[in-house]
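Everything on this sheet refers to the single structure shown next.
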Amino acid sequence: MSLRIYNTLSRALEAFSPLEPGHVRMYVCGMTVYDLCHLGHARSMVAFDVVQRWLRASGYRVTYVRNITDIDDKIIKRAVENGETIRSLTDRMIDALHQDADALGIERPTHEPRATEYVPQMLRMIGALQQKGLAYQAGNGDVNYAVRKFPGYGKLSGKSLDELNAGERVAVQDGKHDPLDFVLWKSAKADEPADVKWQSPFGEGRPGWHIECSAMGCEMLGESFDIHGGGADLQFPHHENEIAQSEGATGKPFAQTWMHNGFINVDNEKMSKSLGNFFTIRDVLKEYDAETVRFFVVRSHYRSPLNYSDVHLDDARNALKRLYTALSLVQPADVQIDWSNPYAARFKAAMDEDFGTPEAVAVLFDLAGEVNRTQSPEVAGMLKALAACLGLLQDDAQKFLQAGAAGVDVVAIEAEIAARAAAKADKNWAEADRIRKALLEQGLVLKDSAAGTTWEAAQ
């Protein structure tokens with residue numbers, strides 16, 4: 001079966017075929033770097049990391065662009081509050097973003113453009129829109145997009161202009177012709193820092209948020225490319241506006257397939273900074289290991305809502321331990337995936353159906369059960385190789401299981417194991433049994449094998 005992807009634009013599963021045979025070009029909206037990333041950001045990064053991993057596993061060459069928004073009202077406000085330059089703030093937050101993403105096993109995108117590096121391309125696109133009568137300069141100096149002059153506006157959100165316009169009011173001071181019109185170029189304000197002001201044919205100012213992604217996408221992937229992704233909250237207005245800008249300027253379809261990942265919810269509300277119910281990735285990693293957090297995200301389908309709680313993360317950690325426990329029983333062989341293998345075929349069928357990670361993870365558990373029964377290095381190798389397509393199970397099994405015993409003194413435990421080995425060598429079975437029981441009371445299970453004794457946290 002060939003890969004099928006749910007296309008938000010058509011609201012249907014569609015057979016995927018890249019515009020250039022063998023080469024997938026994908027753009028995903030990245031972070032606005034004024035603060036640390038929260039778990040909602042992690043979900044989007046992990047979701048599209050899995051997408052690009054599976055595309056590569058399927059034999060495609062992938063050019064993956066994930067942008068960084070490093071100029072924005074929130075960034076300016078935070079930098080002013082901190083008494084630092086825009087660049088100082090954004091550099092610091094980008095470093096933090098990379099640290100968090102690396103911890104979660106998220107592979108770096110092919111390109112990670114910063115918006116401030118592509119202002120000339122944005123100005124060219126705004127100029128093209130103005131020449132086509134799709135943009136106008138208002139009395140306050142802002143350049144706005146004339147939404148009603150673009151016939152396809154609303155096709156991504158599936159709403160008519162009248163529906164989108166309901167409840168909106170024209171802010172007279174903004175000089176908009178229509179309440180749905182949005183800003184392409186923001187005229188400089190007297191009280192704004194000098195490092196957010198660019199010269200342009202429209203006067204001194206800075207780009208609006210939406211034009212940034214249109215310009216970077218076209219510049220790095222071409223006027224038409226294969227996949228555009230992001231969180232569900234970006235569908236409208238951000239992605240709707242990207243389509244209007246890009247297709248208005250070029251006359252070509254912007255992206256063939258639009259993908260949107262679901263929210264992470266807390267008490268049935270979307271996790272977001274504006275609601276104040278967010279947990280930064282760093283906060284969560286203080287309590288849970290990074291692979292558990294990744295597994296928590298991966299085992300749910302990317303389009304489904306995902307409910308955050310300690311209970312769900314605890315369950316994810318215990319489930320991941322079961323997979324690693326199987327790998328701890330035998331040294332996995334280094335295998336190339338044979339996609340005709342029944343387990344691999346099931347895994348592929350799941351992933352080819354809109355990146356169906358829940359079913360793919362179920363295959364991993366079935367393989368783990370087979371490892372437990374057979375202790376076959378080849379089966380263990382297949383388990384590890386398939387899990388790599390999801391960015392999972394690549395750590396040393398013993399290391400992971402031992403690290404899962406939070407708060408223990410590893411040196412002391414190893415000393416106790418050595419003392420038990422000495423007691424067994426002296427045939428002091430009572431002492432050896434006492435040490436085993438003492439460790440079990442600490443929540444640690446010993447496993448004896450021909451290779452020696454290992455330990456892990458009790459399930």
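By convention in this document, the chains of the structure tokens carry letters A, B, ... by their order, each chain's residues are numbered from 1, and ligands are numbered from 1 in the order they are shown.
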Contacts between segment 5-28 of chain A and segment 346-366 of chain A, please, where a residue of segment 346-366 of chain A counts if it comes within 9 Å (with only C-alpha atoms); show its shortest atom pair and distance in Å to one decimal, rows by chain and ascending number, as JSON lines.
{"residue": "A:Asp352", "atom": "CA", "partner": "A:Ile5", "partner_atom": "CA", "distance": 8.0}
{"residue": "A:Glu353", "atom": "CA", "partner": "A:Ile5", "partner_atom": "CA", "distance": 6.8}
{"residue": "A:Asp354", "atom": "CA", "partner": "A:Ile5", "partner_atom": "CA", "distance": 4.4}
{"residue": "A:Phe355", "atom": "CA", "partner": "A:Ile5", "partner_atom": "CA", "distance": 7.5}
Can you write just those residues out, C-alpha atoms, as a PDB file, in the first residue's frame?
ATOM      1  CA  ASP A 352       1.473   4.385   5.447  1.00  0.00           C
ATOM      2  CA  GLU A 353      -2.046   5.157   6.629  1.00  0.00           C
ATOM      3  CA  ASP A 354      -1.520   8.782   7.652  1.00  0.00           C
ATOM      4  CA  PHE A 355       1.424   7.990   9.943  1.00  0.00           C
TER       5      PHE A 355
END
Requested in this report: Please identify all polymer residues within 12 Å of Ile75 of chain A, counting only C-alpha atoms, omitting same-chain residues fewer than 6 positions from it, and present them as a PyMOL selection string.
Outcome: chain A and resi 31-35+69+81-82+84-91+93+192-193+195-196+209
Report task. Pull the alpha helix (DSSP H) assignments for segment 250-443 of chain A out of DSSP run on the backbone, and list those residues as a PyMOL selection string. Result -> chain A and resi 250+281-285+290-298+310-328+342-352+357-374+377-388+397-403+410-425+429-441
Report the closest atom pair, with its distance in Å rounded to one decimal, for each residue of segment 98-200 of chain A that has an atom no farther than 8 Å from segment 277-296 of chain A; count only C-alpha atoms, sort by chain and then rising residue number, and write it as a tab-separated table.
residue	atom	partner	partner_atom	distance
A:Asp100	CA	A:Ile281	CA	6.6
A:Ala103	CA	A:Ala290	CA	6.1
A:Leu104	CA	A:Ala290	CA	5.2
A:Gly105	CA	A:Glu291	CA	7.6
Query raised in the report: Can you list, as a PyMOL selection string, every protein, DNA or RNA residue that comes within 6 Å of segment 140-154 of chain A when you count only C-alpha atoms, leaving out same-chain residues fewer than 2 positions away?
Result: chain A and resi 134-138+156-160+181-187
Generate a file of the selected residues that holds N, CA and C atoms, formatted as a short mmCIF file (atom, residue, chain, number, x, y, z; two decimals), in the first residue's frame.
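Saved as result.cif:
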data_model
loop_
_atom_site.label_atom_id
_atom_site.label_comp_id
_atom_site.auth_asym_id
_atom_site.auth_seq_id
_atom_site.Cartn_x
_atom_site.Cartn_y
_atom_site.Cartn_z
N LEU A 134 -3.64 43.24 -4.78
CA LEU A 134 -4.03 42.45 -3.61
C LEU A 134 -3.54 43.06 -2.31
N ALA A 135 -2.78 44.14 -2.40
CA ALA A 135 -2.27 44.80 -1.19
C ALA A 135 -2.39 46.31 -1.37
N TYR A 136 -2.55 46.99 -0.24
CA TYR A 136 -2.67 48.44 -0.27
C TYR A 136 -2.02 49.02 0.98
N GLN A 137 -1.55 50.24 0.85
CA GLN A 137 -0.95 50.91 2.01
C GLN A 137 -2.00 51.81 2.65
N ALA A 138 -2.20 51.60 3.95
CA ALA A 138 -3.19 52.35 4.71
C ALA A 138 -2.61 53.70 5.14
N LEU A 156 -8.94 26.74 3.12
CA LEU A 156 -8.28 25.85 4.08
C LEU A 156 -9.12 25.67 5.34
N SER A 157 -9.68 26.76 5.84
CA SER A 157 -10.51 26.68 7.05
C SER A 157 -11.91 26.18 6.74
N GLY A 158 -12.29 26.22 5.45
CA GLY A 158 -13.61 25.73 5.07
C GLY A 158 -14.73 26.68 5.42
N LYS A 159 -14.40 27.97 5.60
CA LYS A 159 -15.42 28.95 5.97
C LYS A 159 -15.54 30.02 4.89
N SER A 160 -16.75 30.51 4.74
CA SER A 160 -16.96 31.60 3.78
C SER A 160 -16.48 32.90 4.40
N ASP A 181 -8.90 41.99 6.50
CA ASP A 181 -7.60 42.32 5.93
C ASP A 181 -6.52 42.21 7.00
N PHE A 182 -5.36 41.74 6.60
CA PHE A 182 -4.28 41.54 7.58
C PHE A 182 -3.02 42.24 7.11
N VAL A 183 -2.15 42.50 8.06
CA VAL A 183 -0.98 43.33 7.79
C VAL A 183 0.15 42.51 7.17
N LEU A 184 0.75 43.07 6.14
CA LEU A 184 1.93 42.50 5.50
C LEU A 184 3.20 43.20 5.95
N TRP A 185 3.10 44.52 6.13
CA TRP A 185 4.25 45.32 6.55
C TRP A 185 3.77 46.32 7.60
N LYS A 186 4.41 46.29 8.76
CA LYS A 186 4.01 47.16 9.87
C LYS A 186 4.89 48.41 9.87
N SER A 187 4.25 49.55 9.78
CA SER A 187 4.98 50.81 9.83
C SER A 187 5.65 50.98 11.19
#
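Here the DSSP assignment of strand (DSSP E or B), based on backbone atoms, applies within segment 171-221 of chain A to Phe182, Val183, Leu184, Trp185, Lys186, Ser187, Trp198, Gly205, Arg206 and Pro207 of chain A.
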Requested in this report: Quote the spacing between atom CA of Pro358 of chain A and atom CA of Glu269 of chain A in Å to one decimal place.
Outcome: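 So the answer is 22.8 Å.
With only C-alpha atoms as the atoms that count, the residue of A:His111, A:Arg78, A:Lys384, A:His177 with the shortest distance to Leu221 of chain A is A:His111.
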Requested in this report: Find, counting only C-alpha atoms, the residue in A:Val80, A:Asp426, A:Leu367, A:His301 that gets nearest to Arg322 of chain A.
Outcome: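 Using only C-alpha atoms, Arg322 of chain A sits closest to A:Leu367.
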Query raised in the report: Using only C-alpha atoms, which residue out of A:His239, A:Arg436, A:Lys189, A:Arg43 lies closest to Ile211 of chain A?
Result: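 Nearest to Ile211 of chain A: A:His239.
Separating atom CA of His312 of chain A from atom CA of Ala42 of chain A is a distance of 16.0 Å.
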Requested in this report: One decimal, Å: what's the distance from atom CA of Asp73 of chain A over to atom CA of Arg114 of chain A, could you say?
Outcome: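 Rounded to one decimal, the two atoms are 15.7 Å apart.
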**Report entry** Within 12 Å of Val266 of chain A using only C-alpha atoms, minus same-chain residues under 3 positions, as a list in words
**Finding:** Leu39, Gly40, Phe263, Glu269, Lys270, Met271, Ser272, Leu275, Gly276, Asn277, Phe278, Phe279, Pro305, Leu306, Asn307, Tyr308, Ser309, Asp310 and His312 of chain A
How would the residues just picked look written out with N, CA and C atoms as a short mmCIF file (atom, residue, chain, number, x, y, z; two decimals), in the first residue's frame?
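Final output, result36.cif:
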data_model
loop_
_atom_site.label_atom_id
_atom_site.label_comp_id
_atom_site.auth_asym_id
_atom_site.auth_seq_id
_atom_site.Cartn_x
_atom_site.Cartn_y
_atom_site.Cartn_z
N LEU A 39 5.21 21.92 26.16
CA LEU A 39 4.95 20.57 25.67
C LEU A 39 4.12 20.58 24.39
N GLY A 40 3.31 21.61 24.19
CA GLY A 40 2.57 21.73 22.94
C GLY A 40 3.51 21.89 21.76
N PHE A 263 -3.88 19.30 19.44
CA PHE A 263 -3.41 20.00 20.64
C PHE A 263 -3.02 19.02 21.73
N GLU A 269 -8.58 21.78 28.05
CA GLU A 269 -8.27 23.05 27.38
C GLU A 269 -6.90 22.95 26.74
N LYS A 270 -6.76 23.56 25.56
CA LYS A 270 -5.49 23.56 24.85
C LYS A 270 -4.38 24.14 25.74
N MET A 271 -3.24 23.44 25.77
CA MET A 271 -2.09 23.97 26.48
C MET A 271 -1.52 25.15 25.71
N SER A 272 -1.43 26.30 26.35
CA SER A 272 -0.88 27.47 25.68
C SER A 272 -0.38 28.47 26.70
N LEU A 275 -3.08 30.96 27.95
CA LEU A 275 -4.00 30.48 28.98
C LEU A 275 -3.29 30.23 30.31
N GLY A 276 -1.98 30.24 30.28
CA GLY A 276 -1.21 30.05 31.51
C GLY A 276 -1.25 28.64 32.04
N ASN A 277 -1.63 27.66 31.20
CA ASN A 277 -1.74 26.27 31.67
C ASN A 277 -0.68 25.40 31.01
N PHE A 278 0.47 26.01 30.69
CA PHE A 278 1.49 25.27 29.95
C PHE A 278 2.58 24.75 30.88
N PHE A 279 3.24 23.69 30.43
CA PHE A 279 4.40 23.14 31.10
C PHE A 279 5.55 23.18 30.11
N PRO A 305 -6.36 14.83 19.75
CA PRO A 305 -5.99 15.58 20.96
C PRO A 305 -5.27 14.66 21.93
N LEU A 306 -4.36 15.21 22.69
CA LEU A 306 -3.55 14.43 23.62
C LEU A 306 -3.66 15.07 25.00
N ASN A 307 -4.13 14.30 25.97
CA ASN A 307 -4.36 14.83 27.31
C ASN A 307 -3.12 14.64 28.18
N TYR A 308 -2.65 15.75 28.72
CA TYR A 308 -1.46 15.73 29.57
C TYR A 308 -1.85 15.49 31.02
N SER A 309 -1.15 14.57 31.66
CA SER A 309 -1.26 14.38 33.12
C SER A 309 -0.11 13.51 33.56
N ASP A 310 0.21 13.57 34.84
CA ASP A 310 1.26 12.70 35.38
C ASP A 310 0.88 11.24 35.22
N HIS A 312 -0.79 9.84 32.78
CA HIS A 312 -0.52 9.40 31.42
C HIS A 312 0.98 9.27 31.16
#
Requested in this report: Using only C-alpha atoms, pick whichever of A:Leu444, A:Val335, A:Met125, A:Thr325 has the shortest atom-to-atom distance to Glu247 of chain A.
Outcome: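 Among the listed residues, A:Met125 lies closest to Glu247 of chain A.
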Requested in this report: Identify, on the basis of only C-alpha atoms, every residue whose closest approach to Phe48 of chain A does not exceed 8 Å; exclude the query and any residue fewer than 3 positions from it along the same chain; express the result as a count of residues only.
Outcome: 6
